[in-house]
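K.L.:
What follows is a structure written as structure tokens; I'll ask about it next.
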Amino acid sequence: MAPKSSATGKERSTIEEEEVLQAVILADSFNKRFSPLTLQKPRCLLPICNASLLDWTFESLALAGVQEIFVICRSHAELVKAAIKNSKWSKPSAGLKIVPIVTAKETFSPGDAMRDIYTHGIITSDFVLVTGDLVSSVRIDEVVRVHKERRKTNKDAIMTMVVKESGVRHRTRSRGESAVFVIDPETSECLHYEAAMGYPPKKYTKIPREILNEHPEVEVRNDLIDCSIDVCSVEVRLISITGDLRRDFVHGVLTSDLLMKNIYCYIAKDGYAARVKDTKSYDAIRIFLSRWTFPLVPDDNHPGGHSYEHIRGNKYIAKDGTVTLSRTCKIGNNTLIGSQCLISDNAQISASIFGQRCTIGAGSVILNSYLFDGVVVGPNCTIEFSILAAGVQVKEGSRIEKGCLLADGVVIGPQARLQPFERLSRRHLGTEHNEEDEGEEDDEDEDDEDEDEDVDEEGDGDVEESEDDNESEMDSDYGEIEANQDPDALKRLGPDNNAIIWPQPSIDEDEEIDEVEHPTNLRLMRLGDDVSDLYLSDVGSETSESDLDDDDHFDDSDPSSSVTSLPLANTSNLVQQADEAAITEFQHEVKLSLDRAFAEGHSVDNASVELKTLRMAHNVPLRRVREAVIVESGGPAQRQEIAVVVSRWGDLINKIGGVDATETIEVLQECCASSERLPLFGQILAALYQEDVVEEEDIRAWHKRPQSRGDEQKSAALQNNFQKCWNAGAFMIKQFDEQESDEESDEEDALAKQTSIKDRAAPVPSTTTTHRESSENGSEESDDGAEESEEDEVESEELSENESA
């Protein structure tokens, strides 16, 4: 029996080693936040940096070592299958097995999709559950390892949710949808979960008393971003799931007295993870261009197979040599331009992403916008904070205000004027869509006959039913919207337009609606909406004009309105404004980094590494880093804290990439002269000197520079403040001079004393009476002591010579 038992153990070990890591992707979004962009394609196929979201999700899972992926889809299933077939990850050399699974037409929520997974019987072990709009560089394999280790001691641990810490104004933190996590700090068990909407703002959370009785210490956290990455055990598919995975499933499991299951949190310290849940988070994913998501960056192993050259200022230009840029066009920072694009004379582009084959007319301005493949913009047009889908044409002299969405094939202009947050699609889109798709589906059916042998025949039937259901639902919505168009509003779209205007989201008083999808709450998740007219008490929401300036808002618009835009008169300065906004964004990121370092007590070396990373990501000069560090750590409110802070963090100034003490003093002077820290300049400078951050020669070198007097400052008040700082430096230099004078005097006195001591210690003959008397007299007159001592020595020598003669 013993050998048999041993063999069984080896077999089990082999099985564990060969266990395939599976992942399930929920390709459907189950909402209409991107409508009408998603009328003809699912959200997971929208492009990010010219590769579909689904491809970026495949890239994220491949980095984590996933070997088998099941893509669960209902809407536009044929398009999803075609995208999978054409993806580089479907090639045999990719090492991934990707299987599309088409769910039943009754699938209306993530919970319905999870139940459908159970009917297919495809999950055999612990699996990774993600959405099709995920971009992540988090090491999911490490999360899987932690989950499996935990399962060895706790079989009731059915799920591990991946979350990340964030500041209240982090770009990827949703202002309309967040959550409160109650976590056991020792075990990372999630004890309580409660969704928190942005509007109306949530002021309180209710924690069951038994949680506080059973756990002596808990953490109540609202600073965690839900990455929508879950490592699930097989038992998850056996539990009845309805509705949303977080608000319904997680909340239901944690509050159930019958299930007795545990859910844990994994707080990721490294990597990047975010979902494209709405148009605002779509804009936030532009952080790709700032290289925060490395190795997921456009110029390194692009999922779409494109090749880009990375230029200073986070500009990416297609490497194939097909991009045509006019000599007089201006390309601002954080911009990506796809192949075969044409940018004409005097066009200005900033913080925008262009697909392939885009054409921009002369004198047009495009700011913080996203143009898909084949978009044509005529001359003298202005587009800001908007998304233009494939094939859109914007004719001469048109203006598209912020927050607008234009679906595939829309044509507007000339001289079109779109109001903020308008959504446009083509007329008779349903008929055109059906005619086009019939031919495409026929071709795809022939090509894909043998593609999905692992998917049962019942699933193929669901494809047809699902597609028919989608088309009929779209036709119904579309027909009603087209029938209720306002003729006066259509005139604003120009004489050559082919578009209809979609109504703004609204609800009836008697209609029951998900609180997350409430129109007011959706404004917090809408591209370009500053929601300054809403009262939001949640600190994580945009509530002040200064917050808006630091985040996505680049203009000087009226804070009382949420639909204001860049004035036409300022379009020539848009690139400059965008560059300034990029610097502001960098300063904000440095502030968050230093706040975290101060609060958590990081080492100076670790803090400097993070600042160097920020500098490389934003591609800013070293002086900008030094400025940001000094602004944040250079002047506490209380004078007595200055020495403590400088002693703890002063060395960080010289560890961020280079030592230039004179520039450090210049930056400190600029900071203090333009803020309420002016009276603290001298004390901060003295503290930096005491901690050897700056030396005496550095202070003297700064003081000699003409600009240190403030002569170059245009403002009289600022010039006066610079002069005050210069005077404080002059006082320090005077102290240095006095100290040097005192040191020289002390050295002379010490030398005289040493000479006197030597004279007294030397052997003297008995006949040197005069010498002794002179020495006694010399002791009474200390100032002339040295000279008298020398005279006595001469006299004693003469007496000795006479006696010997």
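Identifiers in the structure tokens: chain A, B, ... in order shown; residue index from 1 per chain; ligand index from 1 in order shown.
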Within 10 Å of Leu21 (chain A), counting only C-alpha atoms, which residues qualify if same-chain residues fewer than 4 places away don't, as a list in words?
P.N.:
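With the cut-off at 10 Å, the set is Ala64, Gly65, Val66, Gln67, Glu68, Ile69, Thr124, Ser125, Asp126, Phe127, Val128, Asp141 and Val144 of chain A.
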K.L.:
For those residues, write C-alpha atoms to a file as an mmCIF file, in the first residue's frame.
P.N.:
```cif
data_model
loop_
_atom_site.group_PDB
_atom_site.id
_atom_site.type_symbol
_atom_site.label_atom_id
_atom_site.label_comp_id
_atom_site.auth_asym_id
_atom_site.auth_seq_id
_atom_site.Cartn_x
_atom_site.Cartn_y
_atom_site.Cartn_z
ATOM 1 C CA ALA A 64 0.711 37.452 -16.141
ATOM 2 C CA GLY A 65 1.323 33.966 -17.544
ATOM 3 C CA VAL A 66 -2.281 33.082 -18.411
ATOM 4 C CA GLN A 67 -2.410 30.165 -20.866
ATOM 5 C CA GLU A 68 -6.105 29.726 -21.649
ATOM 6 C CA ILE A 69 -8.666 32.509 -22.130
ATOM 7 C CA THR A 124 -11.701 23.300 -14.078
ATOM 8 C CA SER A 125 -9.625 25.132 -11.444
ATOM 9 C CA ASP A 126 -8.950 28.558 -9.947
ATOM 10 C CA PHE A 127 -9.331 31.169 -12.668
ATOM 11 C CA VAL A 128 -8.804 34.881 -13.325
ATOM 12 C CA ASP A 141 0.351 35.428 -11.409
ATOM 13 C CA VAL A 144 -2.960 33.681 -8.123
#
```
K.L.:
Quick one: residues within 6 Å of Leu424 (chain A), only C-alpha atoms counted, chain neighbours fewer than 4 positions away excluded, as an MDAnalysis selection string?
P.N.:
chainID A and resid 406 500:501
K.L.:
Write out as a list in words each polymer residue whose atoms come within 7 Å of region 222-224 of chain A, counting only C-alpha atoms; drop sequence neighbours fewer than 5 positions from it.
P.N.:
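Listed by chain and then number, they are Val163, Lys164, Glu165, Ser166, Gly167, Val168, Ala179, Val180 and Phe181 of chain A.
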K.L.:
Give me the region 258-298 of chain A side of the contact with region 347-359 of chain A, cut-off 12 Å, one line per residue showing its nearest atom pair and distance in Å at one decimal, counting only C-alpha atoms, sorted by chain and residue number, as a Markdown table.
P.N.:
```
| residue | atom | partner | partner_atom | distance |
| --- | --- | --- | --- | --- |
| A:Tyr282 | CA | A:Ile353 | CA | 11.7 |
| A:Asp283 | CA | A:Ser352 | CA | 9.6 |
| A:Ala284 | CA | A:Ala351 | CA | 11.4 |
| A:Ile285 | CA | A:Ile353 | CA | 11.2 |
| A:Arg286 | CA | A:Ala351 | CA | 8.3 |
| A:Ile287 | CA | A:Ala351 | CA | 10.4 |
| A:Phe288 | CA | A:Ile353 | CA | 10.9 |
| A:Leu289 | CA | A:Ala351 | CA | 9.2 |
| A:Ser290 | CA | A:Ala351 | CA | 10.7 |
| A:Pro298 | CA | A:Ile353 | CA | 11.3 |
```
K.L.:
Write the selection just made, keeping all heavy atoms, as an mmCIF file, in the first residue's frame?
P.N.:
```
data_model
loop_
_atom_site.group_PDB
_atom_site.id
_atom_site.type_symbol
_atom_site.label_atom_id
_atom_site.label_comp_id
_atom_site.auth_asym_id
_atom_site.auth_seq_id
_atom_site.Cartn_x
_atom_site.Cartn_y
_atom_site.Cartn_z
ATOM 1 N N TYR A 282 -11.804 56.649 -20.311
ATOM 2 C CA TYR A 282 -11.173 56.484 -21.623
ATOM 3 C C TYR A 282 -10.107 57.569 -21.817
ATOM 4 O O TYR A 282 -9.013 57.298 -22.316
ATOM 5 C CB TYR A 282 -12.232 56.581 -22.726
ATOM 6 C CG TYR A 282 -11.713 56.322 -24.124
ATOM 7 C CD1 TYR A 282 -11.717 55.042 -24.656
ATOM 8 C CD2 TYR A 282 -11.222 57.351 -24.910
ATOM 9 C CE1 TYR A 282 -11.243 54.795 -25.940
ATOM 10 C CE2 TYR A 282 -10.745 57.119 -26.188
ATOM 11 C CZ TYR A 282 -10.760 55.839 -26.696
ATOM 12 O OH TYR A 282 -10.273 55.602 -27.958
ATOM 13 N N ASP A 283 -10.420 58.784 -21.412
ATOM 14 C CA ASP A 283 -9.455 59.870 -21.498
ATOM 15 C C ASP A 283 -8.295 59.659 -20.528
ATOM 16 O O ASP A 283 -7.149 59.985 -20.822
ATOM 17 C CB ASP A 283 -10.153 61.199 -21.208
ATOM 18 C CG ASP A 283 -9.200 62.380 -21.224
ATOM 19 O OD1 ASP A 283 -8.514 62.567 -22.244
ATOM 20 O OD2 ASP A 283 -9.135 63.101 -20.217
ATOM 21 N N ALA A 284 -8.596 59.083 -19.346
ATOM 22 C CA ALA A 284 -7.542 58.861 -18.353
ATOM 23 C C ALA A 284 -6.516 57.849 -18.828
ATOM 24 O O ALA A 284 -5.342 57.911 -18.445
ATOM 25 C CB ALA A 284 -8.160 58.398 -17.029
ATOM 26 N N ILE A 285 -6.937 56.911 -19.692
ATOM 27 C CA ILE A 285 -6.000 55.902 -20.180
ATOM 28 C C ILE A 285 -4.946 56.527 -21.083
ATOM 29 O O ILE A 285 -3.974 55.882 -21.471
ATOM 30 C CB ILE A 285 -6.772 54.786 -20.919
ATOM 31 C CG1 ILE A 285 -7.713 54.077 -19.941
ATOM 32 C CG2 ILE A 285 -5.843 53.748 -21.499
ATOM 33 C CD1 ILE A 285 -7.021 53.355 -18.814
ATOM 34 N N ARG A 286 -5.112 57.823 -21.404
ATOM 35 C CA ARG A 286 -4.058 58.532 -22.132
ATOM 36 C C ARG A 286 -2.738 58.504 -21.366
ATOM 37 O O ARG A 286 -1.680 58.840 -21.900
ATOM 38 C CB ARG A 286 -4.499 59.978 -22.378
ATOM 39 C CG ARG A 286 -3.527 60.811 -23.150
ATOM 40 C CD ARG A 286 -4.198 62.072 -23.673
ATOM 41 N NE ARG A 286 -5.031 62.723 -22.687
ATOM 42 C CZ ARG A 286 -4.586 63.607 -21.799
ATOM 43 N NH1 ARG A 286 -3.316 63.928 -21.771
ATOM 44 N NH2 ARG A 286 -5.423 64.173 -20.955
ATOM 45 N N ILE A 287 -2.818 58.075 -20.102
ATOM 46 C CA ILE A 287 -1.595 57.924 -19.298
ATOM 47 C C ILE A 287 -0.639 56.914 -19.934
ATOM 48 O O ILE A 287 0.540 56.833 -19.582
ATOM 49 C CB ILE A 287 -1.979 57.493 -17.860
ATOM 50 C CG1 ILE A 287 -0.893 57.844 -16.859
ATOM 51 C CG2 ILE A 287 -2.293 56.006 -17.799
ATOM 52 C CD1 ILE A 287 -1.328 57.700 -15.423
ATOM 53 N N PHE A 288 -1.152 56.106 -20.910
ATOM 54 C CA PHE A 288 -0.287 55.260 -21.734
ATOM 55 C C PHE A 288 0.873 56.065 -22.287
ATOM 56 O O PHE A 288 2.021 55.631 -22.290
ATOM 57 C CB PHE A 288 -1.097 54.749 -22.934
ATOM 58 C CG PHE A 288 -1.596 53.343 -22.792
ATOM 59 C CD1 PHE A 288 -2.933 53.054 -22.895
ATOM 60 C CD2 PHE A 288 -0.719 52.306 -22.565
ATOM 61 C CE1 PHE A 288 -3.400 51.768 -22.781
ATOM 62 C CE2 PHE A 288 -1.172 51.014 -22.445
ATOM 63 C CZ PHE A 288 -2.522 50.742 -22.558
ATOM 64 N N LEU A 289 0.540 57.266 -22.785
ATOM 65 C CA LEU A 289 1.545 58.084 -23.448
ATOM 66 C C LEU A 289 2.589 58.593 -22.465
ATOM 67 O O LEU A 289 3.704 58.930 -22.858
ATOM 68 C CB LEU A 289 0.871 59.267 -24.161
ATOM 69 C CG LEU A 289 -0.224 58.902 -25.163
ATOM 70 C CD1 LEU A 289 -0.762 60.148 -25.840
ATOM 71 C CD2 LEU A 289 0.288 57.907 -26.193
ATOM 72 N N SER A 290 2.240 58.691 -21.182
ATOM 73 C CA SER A 290 3.188 59.137 -20.163
ATOM 74 C C SER A 290 4.025 57.998 -19.614
ATOM 75 O O SER A 290 4.814 58.194 -18.695
ATOM 76 C CB SER A 290 2.431 59.827 -19.015
ATOM 77 O OG SER A 290 1.730 60.950 -19.487
ATOM 78 N N PRO A 298 3.074 52.394 -26.269
ATOM 79 C CA PRO A 298 2.883 52.288 -27.722
ATOM 80 C C PRO A 298 4.119 51.881 -28.511
ATOM 81 O O PRO A 298 4.003 51.240 -29.555
ATOM 82 C CB PRO A 298 2.442 53.711 -28.115
ATOM 83 C CG PRO A 298 1.884 54.304 -26.876
ATOM 84 C CD PRO A 298 2.690 53.727 -25.763
#
```
K.L.:
List the neighbours of Gln669 (chain A) out to 10 Å using only C-alpha atoms; skip same-chain residues closer than 2 positions along the sequence, and give me the result as a ChimeraX atom specification.
P.N.:
/A:663-667,671-674,677-678,681-682,685,708,710,721-726,729
K.L.:
Identify which of the residues A:Glu610, A:Ala62, A:Asp698, A:His215 lies closest to Trp292 (chain A), counting only C-alpha atoms when measuring atom-to-atom distances.
P.N.:
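Checking each candidate against Trp292 (chain A), we get A:Glu610 as the closest.
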K.L.:
Using only C-alpha atoms, which residue out of A:Thr335, A:Ser137, A:Ser741, A:Thr160 lies closest to Val250 (chain A)?
P.N.:
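Counting only C-alpha atoms, the residue closest to Val250 (chain A) is A:Thr160.
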K.L.:
With only C-alpha atoms as the counted atoms, please give the residues lying no more than 8 Å from region 311-323 of chain A, apart from itself and same-chain residues fewer than 2 positions off, as a PyMOL selection string.
P.N.:
chain A and resi 289-290+298-299+306-309+325+332-342+618-620
K.L.:
Just want the 12 Å neighbourhood of Asn301 (chain A), counted on only C-alpha atoms, with same-chain residues fewer than 5 positions away dropped. Output as a PDB file with N, CA, C and O atoms, in the first residue's frame.
P.N.:
```
ATOM      1  N   ALA A  51      -4.918  50.258 -30.855  1.00  0.00           N
ATOM      2  CA  ALA A  51      -5.115  48.819 -30.653  1.00  0.00           C
ATOM      3  C   ALA A  51      -6.388  48.660 -29.828  1.00  0.00           C
ATOM      4  O   ALA A  51      -6.666  49.477 -28.945  1.00  0.00           O
ATOM      5  N   ASP A  55      -7.389  43.655 -27.270  1.00  0.00           N
ATOM      6  CA  ASP A  55      -5.983  43.288 -27.477  1.00  0.00           C
ATOM      7  C   ASP A  55      -5.121  43.693 -26.280  1.00  0.00           C
ATOM      8  O   ASP A  55      -4.201  42.968 -25.892  1.00  0.00           O
ATOM      9  N   TRP A  56      -5.399  44.872 -25.715  1.00  0.00           N
ATOM     10  CA  TRP A  56      -4.650  45.291 -24.525  1.00  0.00           C
ATOM     11  C   TRP A  56      -4.938  44.361 -23.352  1.00  0.00           C
ATOM     12  O   TRP A  56      -4.054  44.067 -22.533  1.00  0.00           O
ATOM     13  N   GLU A  59      -2.934  41.309 -23.878  1.00  0.00           N
ATOM     14  CA  GLU A  59      -1.538  41.630 -23.541  1.00  0.00           C
ATOM     15  C   GLU A  59      -1.326  41.573 -22.034  1.00  0.00           C
ATOM     16  O   GLU A  59      -0.320  41.041 -21.541  1.00  0.00           O
ATOM     17  N   LEU A  63       1.131  38.815 -20.055  1.00  0.00           N
ATOM     18  CA  LEU A  63       2.219  39.215 -19.157  1.00  0.00           C
ATOM     19  C   LEU A  63       2.135  38.470 -17.829  1.00  0.00           C
ATOM     20  O   LEU A  63       3.152  38.250 -17.174  1.00  0.00           O
ATOM     21  N   LYS A  88      -2.961  38.940 -32.886  1.00  0.00           N
ATOM     22  CA  LYS A  88      -1.676  38.230 -32.889  1.00  0.00           C
ATOM     23  C   LYS A  88      -1.635  37.145 -31.826  1.00  0.00           C
ATOM     24  O   LYS A  88      -0.827  36.219 -31.904  1.00  0.00           O
ATOM     25  N   PHE A 294       4.188  51.131 -18.330  1.00  0.00           N
ATOM     26  CA  PHE A 294       5.286  50.322 -18.861  1.00  0.00           C
ATOM     27  C   PHE A 294       5.280  48.936 -18.206  1.00  0.00           C
ATOM     28  O   PHE A 294       5.092  48.826 -16.988  1.00  0.00           O
ATOM     29  N   PRO A 295       5.426  47.837 -18.987  1.00  0.00           N
ATOM     30  CA  PRO A 295       5.841  47.784 -20.395  1.00  0.00           C
ATOM     31  C   PRO A 295       4.714  47.917 -21.415  1.00  0.00           C
ATOM     32  O   PRO A 295       4.942  47.674 -22.599  1.00  0.00           O
ATOM     33  N   LEU A 296       3.506  48.264 -20.975  1.00  0.00           N
ATOM     34  CA  LEU A 296       2.414  48.477 -21.922  1.00  0.00           C
ATOM     35  C   LEU A 296       2.488  49.905 -22.456  1.00  0.00           C
ATOM     36  O   LEU A 296       1.822  50.806 -21.953  1.00  0.00           O
ATOM     37  N   HIS A 306       1.701  47.784 -34.615  1.00  0.00           N
ATOM     38  CA  HIS A 306       2.210  49.045 -35.141  1.00  0.00           C
ATOM     39  C   HIS A 306       3.563  49.367 -34.513  1.00  0.00           C
ATOM     40  O   HIS A 306       3.904  48.858 -33.441  1.00  0.00           O
ATOM     41  N   SER A 307       4.299  50.236 -35.176  1.00  0.00           N
ATOM     42  CA  SER A 307       5.608  50.642 -34.681  1.00  0.00           C
ATOM     43  C   SER A 307       5.653  52.164 -34.585  1.00  0.00           C
ATOM     44  O   SER A 307       5.332  52.864 -35.550  1.00  0.00           O
ATOM     45  N   TYR A 308       6.033  52.680 -33.402  1.00  0.00           N
ATOM     46  CA  TYR A 308       6.044  54.119 -33.170  1.00  0.00           C
ATOM     47  C   TYR A 308       7.412  54.555 -32.659  1.00  0.00           C
ATOM     48  O   TYR A 308       8.104  53.813 -31.962  1.00  0.00           O
TER      49      TYR A 308
END
```
K.L.:
Find the residue from A:Leu45, A:Ile583, A:Ala643, A:Met159 that sits nearest to Ala628 (chain A); use only C-alpha atoms when measuring.
P.N.:
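Going through A:Leu45, A:Ile583, A:Ala643, A:Met159 one by one, the smallest distance to Ala628 (chain A) is for A:Ile583.
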K.L.:
Go through A:Leu53, A:Arg526, A:Ser344, A:Val375 one by one, measure the shortest atom-to-atom distance of each to Pro420 (chain A) using only C-alpha atoms, and give the residue with the smallest value.
P.N.:
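Of A:Leu53, A:Arg526, A:Ser344, A:Val375, the one nearest Pro420 (chain A), counting only C-alpha atoms, is A:Arg526.
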